[in-house]
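One structure is given here, and the rest of the page talks about it.
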Amino acid sequence: MESKSPNQLMQEIQELRDRISKLSAASLRISASLDLDTVLTEVVESARELTGAVYGGISTIGESGQPEDFVSFGFAPEEHRQLMDWTDGRGICEQFQELDGSLRLTDVHSYIRSLGICPLPILPKTVQATALRHQGAHVGTFFLGGKSGGLEFTDEDEEVLLLFAAQAATAIANARTYRDEHRARADLEGLVDTSPVGVAVFNARTGQPVLINREAKRIVEGLSPAEHSVEQLLEIVKCRRADGREISLEEFPLAQVLSSATTVRAEEIVLEMPGGRSVTTLINATPIRSEDGVIESVVVTLQDMAPLEELERSRAEFLSLVSHELRAPLTSIKGSATTVLDASPAPDLAEMVQFYRIIEEQADHMRGLISDLLDAGRIEAGTLSVILEPAEVADLVDQARNTFLSGGGRHTILIDLPQDLPPVQADRHRIVQVLNNLIANASRYSPETSPIRISAVQDGVYVAVAVSDEGRGIPREQLPHLFRKYARLGDKVAGIRGSGLGLAICKGLVEAHGGRISAESGGAGLGTRFTFTIPLAEQAGRPAAAGFAGSPSPLPRQGPEEKRILVVDDDPMTLRYVRDALSAVGYSPLMTGDPRQVSRLIETKKPQLVLLDLVLPGTDGIELVKELPAMADLPVIFISGYGRDETIAKALQMGAADYIVKPFSPTELVARVQAVLRRFAAPSEPFRLGDLAIDYEGRRVTVTGRPLELTATEFDLLSTLSVNAGRVLSYDSLLRKVWGRHAFGDPQLVRTYVKRLRRKLGDDPSNCSYIFTVRRVGYRMARPSDL
């Protein structure tokens, strides 16, 4: 063996030192972060730099064996998308999973063909790859390809690959553990922060609050009209216990009080400010002790008793109201019966008939009141059911008018219905009940000489029915409260029989159909107009809207074409309830309580609609819609436990397709889902524009009767443009709708496919007939009426 000169040896030593130095620096960079994306990026970039590889990539798999992440370097965005869409790529990675060491290939294309798979042209010729394993478990695949200068990979390169593969596997496992712990902590913090009960955690040594959730802040900050922080308020607040004892935090520092804290269970404590403001709370306190028994922290939960006290007042008022309403007809019945039985001499037949009529009328009055009470209870509990079937609006209105007139109504009923008004999907009895309530309400609050008008118009996939009067009107400030139970207008009750339930029941019945009800008035003396919507009946041959408890046949299962509904709610009870309701009528619900999973589920499962809770751990539904581009093109129905108008208005302003307030019945949920899906459904009729015809259901395109051969992506792009004919679709919108999030921000991809489409359609870019360019924005397709 030829001996090496000192200079050669020194050069090799220096190269080895440089190599070790780079390896050490790369190892430090990899270990410096627990963010998975950062770790994967550092691993691939460091390995490429040390081996001279042009390309590199890592694909990871989860505990279930399903692919999770894929990062690549050296590929253009379009090439990366091709790798993501390559269905056989997963099979290649599965081959690599079985490797004990590494695999070095000098001709990747030949190797892939030997597996019976057609290789992608973009793949480099030379590759070295290895499996990623941590504690015996497979966590992914690591590859480097296309060494610069056209050289082949060496044994030293293989050592680098295996070294970084081991580090990558450990880093991936650590990052996943950190991610899971971070998610669990974020979920817990989100749960605590959005809890309807106030929660505060104090450091027992310092007395300082470690955590205070929103509700606790609201309760404490409500004690002072001035701008004081929670910490400042805690220094001056007084606590009065149920036995009269007071604890003043001015005299006893909070740290001193907490250091000797005892467990408190459901004790009513009044928090008072020196200025006289106070709030009654129900408090639980639990000291957390260290191993040596010293109190380290105290967890306090407090519940504002004001809503419960208000509920108790409402309940007492309601009982008083109902007692009065029941006592009046009972008094009439008792008086009439006593008169007939005790009169001497006995009344003649004509007088007895009058007394019996009074008894019958008052009994009917009581039956109606009891029926209202039962309906209100079902609506409150979300168990009200409706039996849906196609019905003509004219028949429903006519029945309600006859009921009103036969009951002695004196107002003139004017009806204005279009001749071509389509049938609606309704429970006939319940919608007539709504009309009866609204007509009776109008007659109660308007002069007998003024007419009551009933009109209806088609409004998208609904029919809007309006009942208006020329009565005393309603002040604008009272309109938002009109449909609440026991709502009062001045000294009068906004109900039919004075129970305060009539309009609340109307609201519940309409919403059970998937509709909405509203009221408008110009003010006192200017009359009132109530409008409610009912979904249109399905077209002949299509499935009817599904109901429960005796409703018509549910939707048939649709196999691979069944509608997928993504449900996002952190309440497992709501998830189970919604899943059962949707599954019962043939939908395919996708459930998650983690908002971080939404984007991935939309991309992989492609749901047709999203049911989204307004309050989620660490965020809220409205913010989630803002943050995720993938949701911009999907109809969203918000689920909310809050029925406040401002919350609903904010959701609708964000583009929500609808909202539903808890508790809700399965019937209302399904009706709203079906109405939104019909509104956003792709047209079933073929699209025709000049010589161009698109059959959506058959995925067939013809020009002058000649069929065109389009790829799946080309057809999806053409369909998207035609469904939105007349509207300008931006590059980003088209990328989301057709390609998904991986192609986001790459307008050249859209231009390339539009160019292909135009060539196949025979559409001259300089004299377009079908697809028009909107410079620097995107594209639009002509409407049939434009030609």
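Residues in the structure tokens are numbered from 1 in each chain, the chains being A, B, ... in the order shown, and ligands are numbered from 1 in the order shown.
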Within 9 Å of segment 572-592 of chain A, which residues of segment 598-712 of chain A show up? Give each one with its shortest atom-to-atom distance in Å (one decimal) and the two atoms involved, counting only C-alpha atoms, rows by chain then rising residue number, as a Markdown table.
```
| residue | atom | partner | partner_atom | distance |
| --- | --- | --- | --- | --- |
| A:Val598 | CA | A:Thr592 | CA | 7.7 |
| A:Leu601 | CA | A:Leu590 | CA | 8.2 |
| A:Lys605 | CA | A:Leu590 | CA | 8.4 |
| A:Pro607 | CA | A:Leu590 | CA | 8.1 |
| A:Ser665 | CA | A:Ala581 | CA | 8.9 |
| A:Pro666 | CA | A:Ala581 | CA | 5.4 |
| A:Thr667 | CA | A:Ala581 | CA | 8.2 |
| A:Leu669 | CA | A:Ala581 | CA | 7.8 |
| A:Val670 | CA | A:Leu582 | CA | 6.8 |
```
Residues as selected, all heavy atoms, written as an mmCIF file, in the first residue's frame, can you do that?
```cif
data_model
loop_
_atom_site.group_PDB
_atom_site.id
_atom_site.type_symbol
_atom_site.label_atom_id
_atom_site.label_comp_id
_atom_site.auth_asym_id
_atom_site.auth_seq_id
_atom_site.Cartn_x
_atom_site.Cartn_y
_atom_site.Cartn_z
ATOM 1 N N VAL A 598 -59.400 20.000 11.777
ATOM 2 C CA VAL A 598 -60.410 20.381 10.789
ATOM 3 C C VAL A 598 -59.828 20.465 9.388
ATOM 4 O O VAL A 598 -60.380 19.931 8.427
ATOM 5 C CB VAL A 598 -61.074 21.719 11.196
ATOM 6 C CG1 VAL A 598 -61.978 22.231 10.082
ATOM 7 C CG2 VAL A 598 -61.882 21.528 12.479
ATOM 8 N N LEU A 601 -59.090 17.027 7.916
ATOM 9 C CA LEU A 601 -60.312 16.278 7.601
ATOM 10 C C LEU A 601 -60.992 16.825 6.353
ATOM 11 O O LEU A 601 -61.520 16.070 5.532
ATOM 12 C CB LEU A 601 -61.271 16.330 8.794
ATOM 13 C CG LEU A 601 -60.876 15.463 9.994
ATOM 14 C CD1 LEU A 601 -61.758 15.757 11.187
ATOM 15 C CD2 LEU A 601 -60.952 13.988 9.628
ATOM 16 N N LYS A 605 -61.147 14.020 3.632
ATOM 17 C CA LYS A 605 -62.491 13.432 3.586
ATOM 18 C C LYS A 605 -63.458 14.197 2.692
ATOM 19 O O LYS A 605 -64.500 13.665 2.302
ATOM 20 C CB LYS A 605 -63.081 13.346 5.005
ATOM 21 C CG LYS A 605 -62.225 12.544 5.981
ATOM 22 C CD LYS A 605 -62.084 11.096 5.548
ATOM 23 C CE LYS A 605 -61.311 10.278 6.582
ATOM 24 N NZ LYS A 605 -61.149 8.871 6.171
ATOM 25 N N PRO A 607 -65.761 16.810 3.044
ATOM 26 C CA PRO A 607 -67.174 16.881 3.435
ATOM 27 C C PRO A 607 -67.931 17.898 2.605
ATOM 28 O O PRO A 607 -67.342 18.824 2.025
ATOM 29 C CB PRO A 607 -67.103 17.309 4.908
ATOM 30 C CG PRO A 607 -65.820 18.073 5.002
ATOM 31 C CD PRO A 607 -64.868 17.384 4.055
ATOM 32 N N SER A 665 -83.836 19.717 18.335
ATOM 33 C CA SER A 665 -84.336 18.366 18.100
ATOM 34 C C SER A 665 -83.641 17.772 16.876
ATOM 35 O O SER A 665 -83.127 18.503 16.017
ATOM 36 C CB SER A 665 -85.844 18.394 17.855
ATOM 37 O OG SER A 665 -86.129 19.045 16.636
ATOM 38 N N PRO A 666 -83.610 16.440 16.749
ATOM 39 C CA PRO A 666 -83.069 15.831 15.532
ATOM 40 C C PRO A 666 -83.781 16.312 14.285
ATOM 41 O O PRO A 666 -83.168 16.484 13.234
ATOM 42 C CB PRO A 666 -83.286 14.326 15.762
ATOM 43 C CG PRO A 666 -83.351 14.174 17.244
ATOM 44 C CD PRO A 666 -84.000 15.425 17.749
ATOM 45 N N THR A 667 -85.091 16.557 14.391
ATOM 46 C CA THR A 667 -85.863 17.015 13.237
ATOM 47 C C THR A 667 -85.357 18.356 12.741
ATOM 48 O O THR A 667 -85.145 18.564 11.544
ATOM 49 C CB THR A 667 -87.355 17.136 13.614
ATOM 50 O OG1 THR A 667 -87.766 15.942 14.265
ATOM 51 C CG2 THR A 667 -88.202 17.381 12.387
ATOM 52 N N LEU A 669 -82.398 19.736 13.284
ATOM 53 C CA LEU A 669 -81.037 19.584 12.772
ATOM 54 C C LEU A 669 -81.040 19.067 11.348
ATOM 55 O O LEU A 669 -80.379 19.637 10.458
ATOM 56 C CB LEU A 669 -80.255 18.633 13.683
ATOM 57 C CG LEU A 669 -78.861 18.235 13.185
ATOM 58 C CD1 LEU A 669 -77.929 19.424 13.197
ATOM 59 C CD2 LEU A 669 -78.291 17.097 14.031
ATOM 60 N N VAL A 670 -81.773 17.987 11.095
ATOM 61 C CA VAL A 670 -81.789 17.388 9.758
ATOM 62 C C VAL A 670 -82.418 18.343 8.751
ATOM 63 O O VAL A 670 -81.942 18.478 7.616
ATOM 64 C CB VAL A 670 -82.548 16.044 9.787
ATOM 65 C CG1 VAL A 670 -82.747 15.507 8.379
ATOM 66 C CG2 VAL A 670 -81.780 15.028 10.627
#
```
Give the strand (DSSP E) residues of segment 413-462 of chain A, as DSSP finds them on the backbone, and put them as a PyMOL selection string.
chain A and resi 413-416+424-426+452-459+462
Can you pull out every residue from segment 61-220 of chain A that DSSP, working from the backbone, puts in helix (DSSP H, G or I), and format the result as a VMD selection string?
chain A and resid 77 to 85 89 to 97 108 to 114 148 to 150 155 to 193 214 to 220
Could you list, as a ChimeraX atom specification, every residue within 7 Å of Val467 of chain A, counting only C-alpha atoms and ignoring same-chain residues fewer than 4 positions away?
/A:438-439,453-455,529-531
Show me a table, sorted first by chain and then by increasing residue number, of the residues of segment 632-692 of chain A having an atom at most 12 Å from segment 765-769 of chain A, each with its shortest atom pair and the distance in Å to one decimal, counting only C-alpha atoms and written as CSV.
```
residue,atom,partner,partner_atom,distance
A:Leu689,CA,A:Ser769,CA,8.9
A:Gly690,CA,A:Ser769,CA,8.4
A:Asp691,CA,A:Ser769,CA,9.9
A:Leu692,CA,A:Ser769,CA,9.8
```
For C-alpha atoms, I'd like the residues from the last selection saved as a CSV table (one decimal), in the first residue's frame.
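result-v2.csv written:
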```
chain,number,residue,atom,x,y,z
A,689,LEU,CA,-73.3,27.6,-23.2
A,690,GLY,CA,-73.4,27.9,-26.9
A,691,ASP,CA,-72.0,24.7,-28.4
A,692,LEU,CA,-70.6,23.6,-25.0
```
Which residues come within 8 Å of segment 48-64 of chain A, counting only C-alpha atoms, excluding same-chain residues fewer than 3 positions away, as a VMD selection string?
chain A and resid 19 22 to 23 40 44 to 45 67 to 75 124 138 to 148 153 157 160
Atoms to include: C-alpha atoms. Write the selected residues as a JSON list (two decimals), in the first residue's frame.
```json
[["chain", "number", "residue", "atom", "x", "y", "z"],
["A", 19, "ARG", "CA", -17.21, 16.64, 8.67],
["A", 22, "LYS", "CA", -20.83, 19.85, 10.51],
["A", 23, "LEU", "CA", -22.37, 16.70, 11.98],
["A", 40, "LEU", "CA", -37.94, 17.43, 9.75],
["A", 44, "VAL", "CA", -33.33, 16.83, 5.49],
["A", 45, "GLU", "CA", -31.40, 20.05, 4.87],
["A", 67, "PRO", "CA", -49.44, 8.72, 6.61],
["A", 68, "GLU", "CA", -49.14, 11.97, 8.54],
["A", 69, "ASP", "CA", -46.53, 14.41, 7.23],
["A", 70, "PHE", "CA", -44.47, 14.64, 4.07],
["A", 71, "VAL", "CA", -41.70, 17.19, 3.56],
["A", 72, "SER", "CA", -39.53, 17.40, 0.48],
["A", 73, "PHE", "CA", -36.72, 19.65, -0.71],
["A", 74, "GLY", "CA", -35.30, 20.31, -4.13],
["A", 75, "PHE", "CA", -38.66, 19.80, -5.89],
["A", 124, "PRO", "CA", -34.09, 11.42, -9.48],
["A", 138, "HIS", "CA", -41.66, 2.37, 12.42],
["A", 139, "VAL", "CA", -42.22, 6.15, 12.30],
["A", 140, "GLY", "CA", -41.42, 6.99, 8.66],
["A", 141, "THR", "CA", -39.08, 6.87, 5.67],
["A", 142, "PHE", "CA", -36.05, 9.06, 4.88],
["A", 143, "PHE", "CA", -34.54, 9.39, 1.39],
["A", 144, "LEU", "CA", -31.89, 11.43, -0.42],
["A", 145, "GLY", "CA", -31.63, 11.57, -4.19],
["A", 146, "GLY", "CA", -29.76, 12.95, -7.18],
["A", 147, "LYS", "CA", -26.28, 13.67, -5.89],
["A", 148, "SER", "CA", -24.88, 16.87, -7.38],
["A", 153, "PHE", "CA", -23.80, 7.97, -3.29],
["A", 157, "ASP", "CA", -23.06, 9.19, 2.49],
["A", 160, "VAL", "CA", -24.60, 10.14, 7.22]]
```
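Taking only C-alpha atoms into account, Glu296 of chain A lies nearest to A:Arg205 out of the set A:Arg672, A:Lys626, A:Arg205, A:Arg759.
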